[in-house]
Structure formats: C-alpha cells, structure tokens
>>> print(open('work_18.json').read())   # JSON, C-alpha atoms and all ligand atoms
[["chain", "number", "residue", "atom", "x", "y", "z"],
["G", 1, "MET", "CA", 14.18, 4.60, -3.49],
["G", 2, "SER", "CA", 10.54, 4.83, -4.59],
["G", 3, "GLU", "CA", 9.65, 8.46, -3.85],
["G", 4, "GLY", "CA", 10.03, 9.48, -7.53],
["G", 5, "PHE", "CA", 7.46, 6.90, -8.53],
["G", 6, "TYR", "CA", 4.88, 8.49, -6.24],
["G", 7, "SER", "CA", 5.55, 12.07, -7.35],
["G", 8, "HIS", "CA", 3.28, 11.35, -10.36],
["G", 9, "ALA", "CA", 0.04, 11.00, -8.42],
["G", 10, "LYS", "CA", -2.40, 11.46, -11.30],
["G", 11, "LEU", "CA", -0.49, 8.94, -13.44],
["G", 12, "TYR", "CA", -0.54, 6.50, -10.49],
["G", 13, "ASP", "CA", -4.35, 6.69, -10.39],
["G", 14, "LEU", "CA", -4.60, 6.15, -14.15],
["G", 15, "MET", "CA", -2.26, 3.14, -13.98],
["G", 16, "PHE", "CA", -3.90, 1.64, -10.88],
["G", 17, "PRO", "CA", -7.57, 2.73, -11.02],
["G", 18, "GLY", "CA", -8.36, 0.73, -7.87],
["G", 19, "GLY", "CA", -11.88, 0.09, -6.64],
["G", 20, "GLY", "CA", -13.26, -3.44, -6.49],
["G", 21, "PRO", "CA", -12.95, -6.04, -3.73],
["G", 22, "ALA", "CA", -10.01, -4.42, -1.91],
["G", 23, "VAL", "CA", -12.07, -1.28, -1.25],
["G", 24, "ASP", "CA", -15.06, -3.41, -0.22],
["G", 25, "PHE", "CA", -12.86, -5.41, 2.18],
["G", 26, "TYR", "CA", -11.50, -2.35, 4.01],
["G", 27, "ARG", "CA", -14.93, -0.68, 4.08],
["G", 28, "THR", "CA", -16.32, -3.82, 5.73],
["G", 29, "GLN", "CA", -13.50, -3.82, 8.28],
["G", 30, "ALA", "CA", -14.18, -0.16, 9.10],
["G", 31, "ASP", "CA", -17.93, -0.83, 9.50],
["G", 32, "ARG", "CA", -17.24, -3.88, 11.67],
["G", 33, "GLN", "CA", -14.97, -1.89, 13.98],
["G", 34, "GLY", "CA", -17.03, 1.32, 13.96],
["G", 35, "GLY", "CA", -15.37, 4.58, 14.96],
["G", 36, "THR", "CA", -12.11, 6.01, 13.72],
["G", 37, "VAL", "CA", -9.82, 4.83, 10.92],
["G", 38, "LEU", "CA", -6.14, 5.44, 10.14],
["G", 39, "GLU", "CA", -4.59, 4.37, 6.83],
["G", 40, "LEU", "CA", -0.79, 4.41, 6.55],
["G", 41, "GLY", "CA", 0.56, 4.82, 3.00],
["G", 42, "CYS", "CA", -2.89, 6.07, 1.98],
["G", 43, "GLY", "CA", -1.68, 7.36, -1.40],
["G", 44, "THR", "CA", -4.38, 9.23, -3.31],
["G", 45, "GLY", "CA", -7.12, 7.94, -0.98],
["G", 46, "GLY", "CA", -8.56, 5.23, -3.23],
["G", 47, "LYS", "CA", -9.58, 3.21, -0.16],
["G", 48, "LEU", "CA", -9.86, 5.88, 2.52],
["G", 49, "ILE", "CA", -12.17, 8.30, 0.67],
["G", 50, "PRO", "CA", -14.96, 5.67, 0.30],
["G", 51, "ILE", "CA", -14.54, 4.78, 4.00],
["G", 52, "ALA", "CA", -14.77, 8.46, 4.98],
["G", 53, "ALA", "CA", -17.81, 8.79, 2.70],
["G", 54, "ASP", "CA", -19.43, 5.98, 4.76],
["G", 55, "GLY", "CA", -19.27, 8.32, 7.76],
["G", 56, "HIS", "CA", -16.09, 7.19, 9.56],
["G", 57, "ALA", "CA", -13.67, 9.79, 10.93],
["G", 58, "CYS", "CA", -10.55, 9.09, 8.85],
["G", 59, "VAL", "CA", -6.89, 10.04, 8.90],
["G", 60, "GLY", "CA", -4.64, 9.21, 5.96],
["G", 61, "MET", "CA", -0.86, 9.31, 6.34],
["G", 62, "ASP", "CA", 1.64, 9.17, 3.49],
["G", 63, "LEU", "CA", 5.27, 10.06, 2.85],
["G", 64, "SER", "CA", 4.49, 11.67, -0.51],
["G", 65, "ALA", "CA", 3.21, 15.26, -0.55],
["G", 66, "GLU", "CA", 2.08, 14.75, -4.16],
["G", 67, "MET", "CA", -0.05, 11.68, -3.34],
["G", 68, "LEU", "CA", -1.60, 13.48, -0.34],
["G", 69, "ALA", "CA", -2.39, 16.58, -2.41],
["G", 70, "GLU", "CA", -4.23, 14.42, -4.93],
["G", 71, "ALA", "CA", -6.11, 12.61, -2.11],
["G", 72, "GLU", "CA", -7.16, 15.95, -0.64],
["G", 73, "ARG", "CA", -8.25, 17.24, -4.05],
["G", 74, "LYS", "CA", -10.34, 14.11, -4.77],
["G", 75, "ALA", "CA", -11.93, 14.13, -1.31],
["G", 76, "GLY", "CA", -12.80, 17.82, -1.71],
["G", 77, "GLU", "CA", -14.31, 17.16, -5.14],
["G", 78, "ARG", "CA", -16.55, 14.49, -3.59],
["G", 79, "GLY", "CA", -17.39, 16.65, -0.56],
["G", 80, "VAL", "CA", -15.83, 14.07, 1.78],
["G", 81, "ALA", "CA", -14.08, 15.20, 4.98],
["G", 82, "ALA", "CA", -10.85, 13.44, 6.03],
["G", 83, "GLU", "CA", -7.54, 14.47, 7.59],
["G", 84, "TRP", "CA", -4.41, 14.07, 5.45],
["G", 85, "VAL", "CA", -1.04, 13.96, 7.23],
["G", 86, "GLN", "CA", 2.44, 13.77, 5.77],
["G", 87, "GLY", "CA", 4.51, 11.28, 7.77],
["G", 88, "ASP", "CA", 6.67, 8.19, 7.71],
["G", 89, "MET", "CA", 4.99, 4.95, 8.77],
["G", 90, "ARG", "CA", 8.34, 3.70, 10.13],
["G", 91, "GLU", "CA", 7.93, 5.94, 13.20],
["G", 92, "PHE", "CA", 5.01, 8.23, 13.95],
["G", 93, "ASP", "CA", 3.00, 9.65, 16.83],
["G", 94, "LEU", "CA", -0.40, 11.15, 16.12],
["G", 95, "GLY", "CA", -1.22, 11.41, 19.84],
["G", 96, "ARG", "CA", -4.46, 9.38, 19.58],
["G", 97, "THR", "CA", -5.74, 5.89, 18.90],
["G", 98, "PHE", "CA", -7.97, 4.42, 16.19],
["G", 99, "ASP", "CA", -10.50, 1.58, 15.99],
["G", 100, "LEU", "CA", -9.03, 0.41, 12.68],
["G", 101, "VAL", "CA", -5.50, 0.96, 11.40],
["G", 102, "PHE", "CA", -4.65, -0.43, 7.96],
["G", 103, "ILE", "CA", -1.87, -0.58, 5.39],
["G", 104, "ALA", "CA", -3.15, -1.57, 1.94],
["G", 105, "ALA", "CA", -1.84, -2.53, -1.47],
["G", 106, "ASN", "CA", 1.73, -3.55, -0.58],
["G", 107, "SER", "CA", 2.54, -0.13, 0.90],
["G", 108, "LEU", "CA", 4.21, -1.92, 3.82],
["G", 109, "LEU", "CA", 6.74, -3.42, 1.38],
["G", 110, "HIS", "CA", 8.38, -0.02, 0.96],
["G", 111, "LEU", "CA", 10.01, -0.76, 4.31],
["G", 112, "HIS", "CA", 12.97, -2.98, 3.49],
["G", 113, "ASP", "CA", 14.85, -3.86, 6.65],
["G", 114, "ALA", "CA", 13.45, -5.83, 9.57],
["G", 115, "ALA", "CA", 14.15, -2.97, 12.03],
["G", 116, "SER", "CA", 11.95, -0.58, 10.00],
["G", 117, "LEU", "CA", 9.12, -3.12, 9.86],
["G", 118, "VAL", "CA", 9.26, -3.76, 13.62],
["G", 119, "SER", "CA", 9.42, -0.01, 14.32],
["G", 120, "CYS", "CA", 6.37, 0.50, 12.08],
["G", 121, "PHE", "CA", 4.44, -2.26, 13.86],
["G", 122, "ALA", "CA", 5.36, -0.78, 17.27],
["G", 123, "SER", "CA", 4.05, 2.63, 16.10],
["G", 124, "VAL", "CA", 0.87, 0.94, 14.81],
["G", 125, "ARG", "CA", 0.44, -0.82, 18.17],
["G", 126, "ARG", "CA", 0.53, 2.54, 19.99],
["G", 127, "HIS", "CA", -2.26, 3.80, 17.70],
["G", 128, "VAL", "CA", -4.65, 0.81, 18.03],
["G", 129, "ALA", "CA", -7.49, 1.58, 20.48],
["G", 130, "PRO", "CA", -8.59, -1.07, 23.01],
["G", 131, "GLY", "CA", -10.57, -3.63, 20.97],
["G", 132, "GLY", "CA", -9.18, -2.13, 17.78],
["G", 133, "ARG", "CA", -7.66, -3.98, 14.84],
["G", 134, "PHE", "CA", -4.82, -3.64, 12.36],
["G", 135, "ALA", "CA", -5.32, -4.97, 8.81],
["G", 136, "LEU", "CA", -2.86, -5.19, 5.95],
["G", 137, "ASP", "CA", -2.45, -6.77, 2.54],
["G", 138, "ILE", "CA", 0.82, -7.69, 0.87],
["G", 139, "PHE", "CA", 1.55, -10.11, -1.96],
["G", 140, "ASN", "CA", 2.58, -13.66, -1.19],
["G", 141, "PRO", "CA", 6.08, -14.03, -2.66],
["G", 142, "SER", "CA", 6.30, -16.74, -5.32],
["G", 143, "VAL", "CA", 9.86, -18.03, -5.67],
["G", 144, "GLY", "CA", 9.06, -18.88, -9.31],
["G", 145, "LEU", "CA", 7.92, -15.35, -10.15],
["G", 146, "LEU", "CA", 10.79, -13.70, -8.24],
["G", 147, "SER", "CA", 13.31, -15.76, -10.21],
["G", 148, "GLU", "CA", 11.75, -14.58, -13.50],
["G", 149, "ALA", "CA", 12.87, -10.98, -12.83],
["G", 150, "ASP", "CA", 15.82, -10.89, -15.27],
["G", 151, "GLY", "CA", 16.84, -7.23, -15.10],
["G", 152, "LEU", "CA", 15.60, -6.64, -18.67],
["G", 153, "ARG", "CA", 12.95, -4.21, -19.80],
["G", 154, "HIS", "CA", 9.54, -5.83, -20.46],
["G", 155, "THR", "CA", 6.22, -4.23, -21.42],
["G", 156, "ARG", "CA", 3.39, -4.75, -18.93],
["G", 157, "GLU", "CA", 0.41, -4.86, -21.30],
["G", 158, "SER", "CA", -2.08, -5.02, -18.43],
["G", 159, "LEU", "CA", -0.90, -1.64, -17.08],
["G", 160, "SER", "CA", -1.28, 0.35, -20.34],
["G", 161, "PHE", "CA", -3.65, 3.28, -19.91],
["G", 162, "VAL", "CA", -4.99, 6.39, -21.59],
["G", 163, "ASP", "CA", -3.81, 9.73, -20.21],
["G", 164, "PRO", "CA", -6.35, 12.45, -21.16],
["G", 165, "ASP", "CA", -3.43, 14.87, -21.80],
["G", 166, "ARG", "CA", -0.93, 12.57, -23.52],
["G", 167, "GLY", "CA", -2.98, 9.77, -25.10],
["G", 168, "ASP", "CA", -2.05, 6.06, -24.98],
["G", 169, "VAL", "CA", 0.66, 5.30, -22.41],
["G", 170, "THR", "CA", 2.68, 2.07, -22.36],
["G", 171, "VAL", "CA", 4.42, 0.84, -19.21],
["G", 172, "ASP", "CA", 7.74, -1.04, -19.30],
["G", 173, "VAL", "CA", 9.41, -2.46, -16.19],
["G", 174, "ALA", "CA", 12.95, -3.78, -15.68],
["G", 175, "GLU", "CA", 13.49, -5.51, -12.38],
["G", 176, "ALA", "CA", 15.82, -7.88, -10.59],
["G", 177, "TYR", "CA", 15.48, -9.65, -7.27],
["G", 178, "ASP", "CA", 18.11, -9.06, -4.59],
["G", 179, "ALA", "CA", 17.79, -12.27, -2.56],
["G", 180, "ALA", "CA", 20.05, -11.12, 0.29],
["G", 181, "ASP", "CA", 17.86, -8.10, 1.00],
["G", 182, "GLN", "CA", 14.62, -9.78, -0.19],
["G", 183, "VAL", "CA", 14.00, -6.70, -2.33],
["G", 184, "THR", "CA", 12.89, -6.53, -5.97],
["G", 185, "ARG", "CA", 14.65, -3.50, -7.45],
["G", 186, "GLY", "CA", 12.84, -2.12, -10.47],
["G", 187, "THR", "CA", 12.80, 0.77, -12.89],
["G", 188, "TRP", "CA", 9.49, 1.82, -14.43],
["G", 189, "TYR", "CA", 9.36, 3.52, -17.85],
["G", 190, "LEU", "CA", 6.25, 5.34, -19.11],
["G", 191, "SER", "CA", 6.10, 6.23, -22.81],
["G", 192, "THR", "CA", 3.79, 7.55, -25.48],
["G", 193, "VAL", "CA", 4.40, 7.40, -29.23],
["G", 194, "ALA", "CA", 5.43, 11.07, -29.11],
["G", 195, "GLU", "CA", 7.52, 10.90, -25.94],
["G", 196, "THR", "CA", 9.56, 7.83, -25.06],
["G", 197, "ASP", "CA", 10.33, 7.45, -21.35],
["G", 198, "PHE", "CA", 8.59, 10.62, -20.20],
["G", 199, "VAL", "CA", 8.75, 9.06, -16.73],
["G", 200, "VAL", "CA", 11.66, 6.88, -15.54],
["G", 201, "ALA", "CA", 11.30, 6.02, -11.87],
["G", 202, "PRO", "CA", 12.79, 3.45, -9.50],
["G", 203, "LEU", "CA", 10.45, 1.26, -7.45],
["G", 204, "GLU", "CA", 11.80, -1.14, -4.83],
["G", 205, "ILE", "CA", 9.52, -3.63, -3.12],
["G", 206, "ARG", "CA", 10.45, -6.08, -0.36],
["G", 207, "SER", "CA", 9.15, -9.62, -0.12],
["G", 208, "ILE", "CA", 7.86, -10.71, 3.28],
["G", 209, "PHE", "CA", 7.66, -14.49, 3.43],
["G", 210, "PRO", "CA", 4.77, -16.15, 5.29],
["G", 211, "GLN", "CA", 6.79, -17.43, 8.25],
["G", 212, "GLU", "CA", 8.45, -14.03, 8.81],
["G", 213, "LEU", "CA", 5.31, -11.99, 9.12],
["G", 214, "PRO", "CA", 3.92, -13.18, 12.50],
["G", 215, "LEU", "CA", 7.38, -12.86, 14.05],
["G", 216, "LEU", "CA", 7.86, -9.28, 12.84],
["G", 217, "LEU", "CA", 4.35, -8.40, 14.03],
["G", 218, "SER", "CA", 4.95, -9.92, 17.45],
["G", 219, "LEU", "CA", 8.21, -7.98, 17.86],
["G", 220, "GLY", "CA", 6.11, -4.83, 17.36],
["G", 221, "GLY", "CA", 3.55, -5.95, 19.98],
["G", 222, "LEU", "CA", 0.92, -7.24, 17.52],
["G", 223, "ARG", "CA", -0.67, -10.66, 17.07],
["G", 224, "LEU", "CA", -1.78, -12.14, 13.76],
["G", 225, "VAL", "CA", -5.35, -13.43, 14.32],
["G", 226, "ASP", "CA", -6.40, -14.24, 10.73],
["G", 227, "ARG", "CA", -4.66, -14.56, 7.38],
["G", 228, "PHE", "CA", -6.67, -14.91, 4.16],
["G", 229, "GLY", "CA", -5.39, -15.73, 0.67],
["G", 230, "ASP", "CA", -7.78, -13.57, -1.34],
["G", 231, "TRP", "CA", -10.44, -10.88, -1.00],
["G", 232, "SER", "CA", -13.26, -13.44, -0.69],
["G", 233, "GLY", "CA", -11.74, -14.62, 2.61],
["G", 234, "ALA", "CA", -10.38, -17.96, 1.32],
["G", 235, "PRO", "CA", -7.84, -19.48, 3.71],
["G", 236, "PHE", "CA", -4.20, -18.55, 3.10],
["G", 237, "THR", "CA", -2.20, -21.27, 1.29],
["G", 238, "GLY", "CA", 1.29, -21.41, -0.22],
["G", 239, "SER", "CA", -0.09, -20.69, -3.68],
["G", 240, "ALA", "CA", -2.33, -17.79, -2.59],
["G", 241, "ALA", "CA", -1.71, -14.47, -4.32],
["G", 242, "LEU", "CA", -2.20, -12.41, -1.19],
["G", 243, "GLN", "CA", -1.43, -12.33, 2.50],
["G", 244, "LEU", "CA", -4.47, -10.48, 3.80],
["G", 245, "CYS", "CA", -3.95, -10.16, 7.53],
["G", 246, "ILE", "CA", -6.01, -9.16, 10.54],
["G", 247, "CYS", "CA", -4.08, -8.35, 13.71],
["G", 248, "GLU", "CA", -4.77, -7.27, 17.27],
["G", 249, "ALA", "CA", -2.65, -5.96, 20.11],
["G", 250, "ALA", "CA", -0.63, -8.82, 21.58],
["V", 301, "LIG", "C1", 1.21, 1.22, -3.62],
["V", 301, "LIG", "S1", 0.84, 2.84, -3.02],
["V", 301, "LIG", "C2", -0.67, 2.46, -2.19],
["V", 301, "LIG", "C3", -1.56, 3.66, -2.04],
["V", 301, "LIG", "C4", -2.94, 3.36, -1.41],
["V", 301, "LIG", "N1", -2.84, 2.73, -0.12],
["V", 301, "LIG", "C5", -3.79, 2.49, -2.32],
["V", 301, "LIG", "O1", -4.26, 1.44, -1.86],
["V", 301, "LIG", "O2", -3.99, 2.88, -3.47],
["V", 301, "LIG", "C6", 2.04, 2.98, -1.71],
["V", 301, "LIG", "C7", 1.99, 4.29, -0.93],
["V", 301, "LIG", "O3", 2.85, 4.17, 0.21],
["V", 301, "LIG", "C8", 3.51, 5.42, 0.40],
["V", 301, "LIG", "N2", 4.71, 5.20, 1.23],
["V", 301, "LIG", "C9", 5.87, 4.61, 0.87],
["V", 301, "LIG", "N3", 6.73, 4.59, 1.90],
["V", 301, "LIG", "C10", 6.09, 5.18, 2.95],
["V", 301, "LIG", "C11", 6.45, 5.46, 4.30],
["V", 301, "LIG", "N4", 7.66, 5.10, 4.78],
["V", 301, "LIG", "N5", 5.55, 6.06, 5.09],
["V", 301, "LIG", "C12", 4.33, 6.43, 4.61],
["V", 301, "LIG", "N6", 3.94, 6.20, 3.34],
["V", 301, "LIG", "C13", 4.80, 5.58, 2.52],
["V", 301, "LIG", "C14", 3.78, 5.91, -0.99],
["V", 301, "LIG", "O4", 4.06, 7.30, -1.03],
["V", 301, "LIG", "C15", 2.49, 5.51, -1.71],
["V", 301, "LIG", "O5", 1.54, 6.53, -1.67]]
>>> encode(input="work_18.json", output="structure tokens")
Amino acid sequence: MSEGFYSHAKLYDLMFPGGGPAVDFYRTQADRQGGTVLELGCGTGGKLIPIAADGHACVGMDLSAEMLAEAERKAGERGVAAEWVQGDMREFDLGRTFDLVFIAANSLLHLHDAASLVSCFASVRRHVAPGGRFALDIFNPSVGLLSEADGLRHTRESLSFVDPDRGDVTVDVAEAYDAADQVTRGTWYLSTVAETDFVVAPLEIRSIFPQELPLLLSLGGLRLVDRFGDWSGAPFTGSAALQLCICEAA
C-alpha cells in the first residue's frame, strides 16, 4: 500500500534530500567490511551511490521501477557504476553473497507481517558472505507519538520544499495507528498554490518494538550484535529516536 508514494521519485528526493550522518554511517560500514555491498530498498541511491563512488562494487534492489530509474540516472550523471535490480526484499535470490547488506531509512517497515520480516531476514542471511554484516536503521516507536496520530490532515512544515517545475510545495499527512497490526496508515497530500493535492498517496509503515527485533532476526538466522540509538553511536535507550542495528549470521 505504499507503491504509489514511490512512483514520484524526483519528488521523493526533493522532500527527503538525504545526505548527512546516515550516509556517513553506511559508508563507514562499507569501508570497514571492504568488498561488495547490497542495499535492499535502495530507492534513488542516496546512500548507495556515495558508497559505489568510494570504489565498492554495489548492488541496489528496490520494488519500485521509478525509484530505480532515478537511481540509475543519478549514478550515470555522476559517472558511478552500480547494479540496479528490481526485486522484493521479502524473498530474493541474487545467486551471490556480499560483505555488507543493509536496509536504510525505515525501508524494512514496508514489510508489515512477521512472516514477511522473517522471510526477508532469511533471504538476507543467504546473501551475507562469511564474516559479512547486515546493518539496518528503523525508528524507535514512541507510544506517545503513535497515539498522537488522529486520522486528521496536518501540515508537515519541515517537509515543505521547492520543486523547480511547480514552485513551493506543501506536504500534509493524515495518519492513524492500527495497534493490532502495529501499522501507521497514512495518506500524503502534496499541493502548490496553483494545484491542490497534485499527489495523494498512501504510505503505511509498521512499528517494530525493541524486544521484537532480535527475535525476528534470529528466526531468519541472524544475530543482533550491536544496537545504537543515534548516528553518533550512542547506546540504544527507550527514548532513542533510532534503532540502528548491526547483525551477523547466527
Ligand atoms: C524510505 S525509502 C528509502 C530509500 C533509500 N534507502 C534511502 O535511504 O533514501 C523506502 C524504499 O523501499 C522500497 N521498498 C518498499 N517495499 C519494498 C520491498 N518489499 N522490496 C524492496 N524495496 C521495497 C521503496 O520502493 C522505497 O524506494
């Protein structure tokens, strides 16, 4: 229920310009591991293109043809070589292993049921080379914030951006939390003064609570070896914004 959101790849990059400590973190992981890198849910390549530019052989996989096309275009523009593959992280077989596999920026949370998450982790496990690592970052669900999702439309000032073709774009989001499924179901509305709601797209994001994560990983044959609470490597705590995880084969 989020494919429509990712069919607007250029708008995605304008809304989420990326860069910063998340890119630095994954670049450091790739350098530490050396060798080959696979990113699942790579989107438009905001993290993978800099890693490929550092000299690592990179494969990016994504469900969205539009996001992959934009990644390929950007990599080509920068003269960076990488392989872009359309596929579903729930179940995949690339027929080779990698020194680093990662899933960044909450991409994992597009998998909603436990069976899909375990199946994804089992596929990841089959693609981790001996001595290789799996890294991921997802948000740390705050019960307070989840309960604030009231189903009404609110403007997200921090996400406003300028589209070179359309001008100033405002972003409204209406979302509600489905506690049984642990999924926040949202609708995103993009508007300009001239064109209200020129994009209306659903986006559904699961919450994975801290105690669940190691169990799901272990069912897929992976072991959580480190969990940080922010990009500086601070220890994970209940109030941390992030669950930034490093895993190995179990
Ligand atoms: C939040 S974006 C993150 C993109 C990129 N990793 C980044 O850091 O900018 C999530 C991406 O996950 C992709 N995605 C969602 N479900 C997927 C699935 N089942 N398999 C592969 N990719 C998926 C979406 O198409 C989208 O490009």
>>> residues_near_ligand(input="work_18.json", ligand="ligand LIG 301 (chain V)", cutoff="7 Å", atoms="all atoms listed in the file", output="list of chain:residue names")
G:Glu3, G:Tyr6, G:Gly18, G:Leu40, G:Gly41, G:Cys42, G:Gly43, G:Thr44, G:Gly45, G:Gly46, G:Lys47, G:Met61, G:Asp62, G:Leu63, G:Ser64, G:Met67, G:Gly87, G:Asp88, G:Met89, G:Arg90, G:Ile103, G:Ala104, G:Ala105, G:Asn106, G:Ser107, G:His110, G:Leu111
>>> write_last_selection(input="work_18.json", atoms="C-alpha atoms", output="PDB file, in the coordinates of the input")
ATOM      1  CA  GLU G   3       9.650   8.460  -3.850  1.00  0.00           C
ATOM      2  CA  TYR G   6       4.880   8.490  -6.240  1.00  0.00           C
ATOM      3  CA  GLY G  18      -8.360   0.730  -7.870  1.00  0.00           C
ATOM      4  CA  LEU G  40      -0.790   4.410   6.550  1.00  0.00           C
ATOM      5  CA  GLY G  41       0.560   4.820   3.000  1.00  0.00           C
ATOM      6  CA  CYS G  42      -2.890   6.070   1.980  1.00  0.00           C
ATOM      7  CA  GLY G  43      -1.680   7.360  -1.400  1.00  0.00           C
ATOM      8  CA  THR G  44      -4.380   9.230  -3.310  1.00  0.00           C
ATOM      9  CA  GLY G  45      -7.120   7.940  -0.980  1.00  0.00           C
ATOM     10  CA  GLY G  46      -8.560   5.230  -3.230  1.00  0.00           C
ATOM     11  CA  LYS G  47      -9.580   3.210  -0.160  1.00  0.00           C
ATOM     12  CA  MET G  61      -0.860   9.310   6.340  1.00  0.00           C
ATOM     13  CA  ASP G  62       1.640   9.170   3.490  1.00  0.00           C
ATOM     14  CA  LEU G  63       5.270  10.060   2.850  1.00  0.00           C
ATOM     15  CA  SER G  64       4.490  11.670  -0.510  1.00  0.00           C
ATOM     16  CA  MET G  67      -0.050  11.680  -3.340  1.00  0.00           C
ATOM     17  CA  GLY G  87       4.510  11.280   7.770  1.00  0.00           C
ATOM     18  CA  ASP G  88       6.670   8.190   7.710  1.00  0.00           C
ATOM     19  CA  MET G  89       4.990   4.950   8.770  1.00  0.00           C
ATOM     20  CA  ARG G  90       8.340   3.700  10.130  1.00  0.00           C
ATOM     21  CA  ILE G 103      -1.870  -0.580   5.390  1.00  0.00           C
ATOM     22  CA  ALA G 104      -3.150  -1.570   1.940  1.00  0.00           C
ATOM     23  CA  ALA G 105      -1.840  -2.530  -1.470  1.00  0.00           C
ATOM     24  CA  ASN G 106       1.730  -3.550  -0.580  1.00  0.00           C
ATOM     25  CA  SER G 107       2.540  -0.130   0.900  1.00  0.00           C
ATOM     26  CA  HIS G 110       8.380  -0.020   0.960  1.00  0.00           C
ATOM     27  CA  LEU G 111      10.010  -0.760   4.310  1.00  0.00           C
TER      28      LEU G 111
END
>>> closest_residue(input="work_18.json", among="G:Tyr177, G:Gly60, G:Ala75, G:Gly220", to="Gly144 (chain G)", atoms="all atoms listed in the file")
G:Tyr177
>>> closest_residue(input="work_18.json", among="G:Arg185, G:Arg153, G:Arg27, G:Arg73", to="Ala52 (chain G)", atoms="all atoms listed in the file")
G:Arg27
>>> closest_residue(input="work_18.json", among="G:Leu145, G:Val80, G:Leu222, G:Ala240", to="Ser119 (chain G)", atoms="only C-alpha atoms")
G:Leu222
>>> residues_around(input="work_18.json", residues="Glu212 (chain G)", least_positions_apart="4", cutoff="12 Å", atoms="only C-alpha atoms", output="VMD selection string")
chain G and resid 114 117 to 118 140 to 141 182 207 to 208 216 to 219 224 243
>>> closest_residue(input="work_18.json", among="G:Glu72, G:Ser232, G:Val128, G:Val173", to="Gly20 (chain G)", atoms="all atoms listed in the file")
G:Ser232
>>> atom_distance(input="work_18.json", atom1="CA of Gly4 (chain G)", atom2="CA of Phe134 (chain G)")
28.1 Å
>>> residues_around(input="work_18.json", residues="region 170-172 of chain G", least_positions_apart="5", cutoff="7 Å", atoms="all atoms listed in the file", output="PyMOL selection string")
chain G and resi 153-156+159-161+188-192
>>> atom_distance(input="work_18.json", atom1="CA of Glu204 (chain G)", atom2="CA of Phe121 (chain G)")
20.1 Å
>>> residues_around(input="work_18.json", residues="Ala135 (chain G)", least_positions_apart="2", cutoff="8 Å", atoms="all atoms listed in the file", output="compact mmCIF listing (two decimals) with C-alpha atoms, keeping the file's coordinate frame")
# COMPACT_ATOMS: atom_id res chain seq x y z
CA LEU G 100 -9.03 0.41 12.68
CA VAL G 101 -5.50 0.96 11.40
CA PHE G 102 -4.65 -0.43 7.96
CA ILE G 103 -1.87 -0.58 5.39
CA ALA G 104 -3.15 -1.57 1.94
CA ARG G 133 -7.66 -3.98 14.84
CA ASP G 137 -2.45 -6.77 2.54
CA LEU G 244 -4.47 -10.48 3.80
CA CYS G 245 -3.95 -10.16 7.53
CA ILE G 246 -6.01 -9.16 10.54
CA CYS G 247 -4.08 -8.35 13.71
>>> atom_distance(input="work_18.json", atom1="CA of Ala122 (chain G)", atom2="CA of Gly221 (chain G)")
6.1 Å
>>> closest_residue(input="work_18.json", among="G:Glu70, G:Asp230, G:Asp99, G:Asp181", to="Ile138 (chain G)", atoms="only C-alpha atoms")
G:Asp230
>>> axis_aligned_box(input="work_18.json", around="region 106-113 of chain G", padding_each_side="6 Å", output="JSON")
{"center_x": 8.3, "center_y": -1.9, "center_z": 3.0, "size_x": 25.1, "size_y": 15.8, "size_z": 19.2}
>>> closest_residue(input="work_18.json", among="G:Arg125, G:Arg227, G:His8, G:Arg206", to="Thr97 (chain G)", atoms="only C-alpha atoms")
G:Arg125
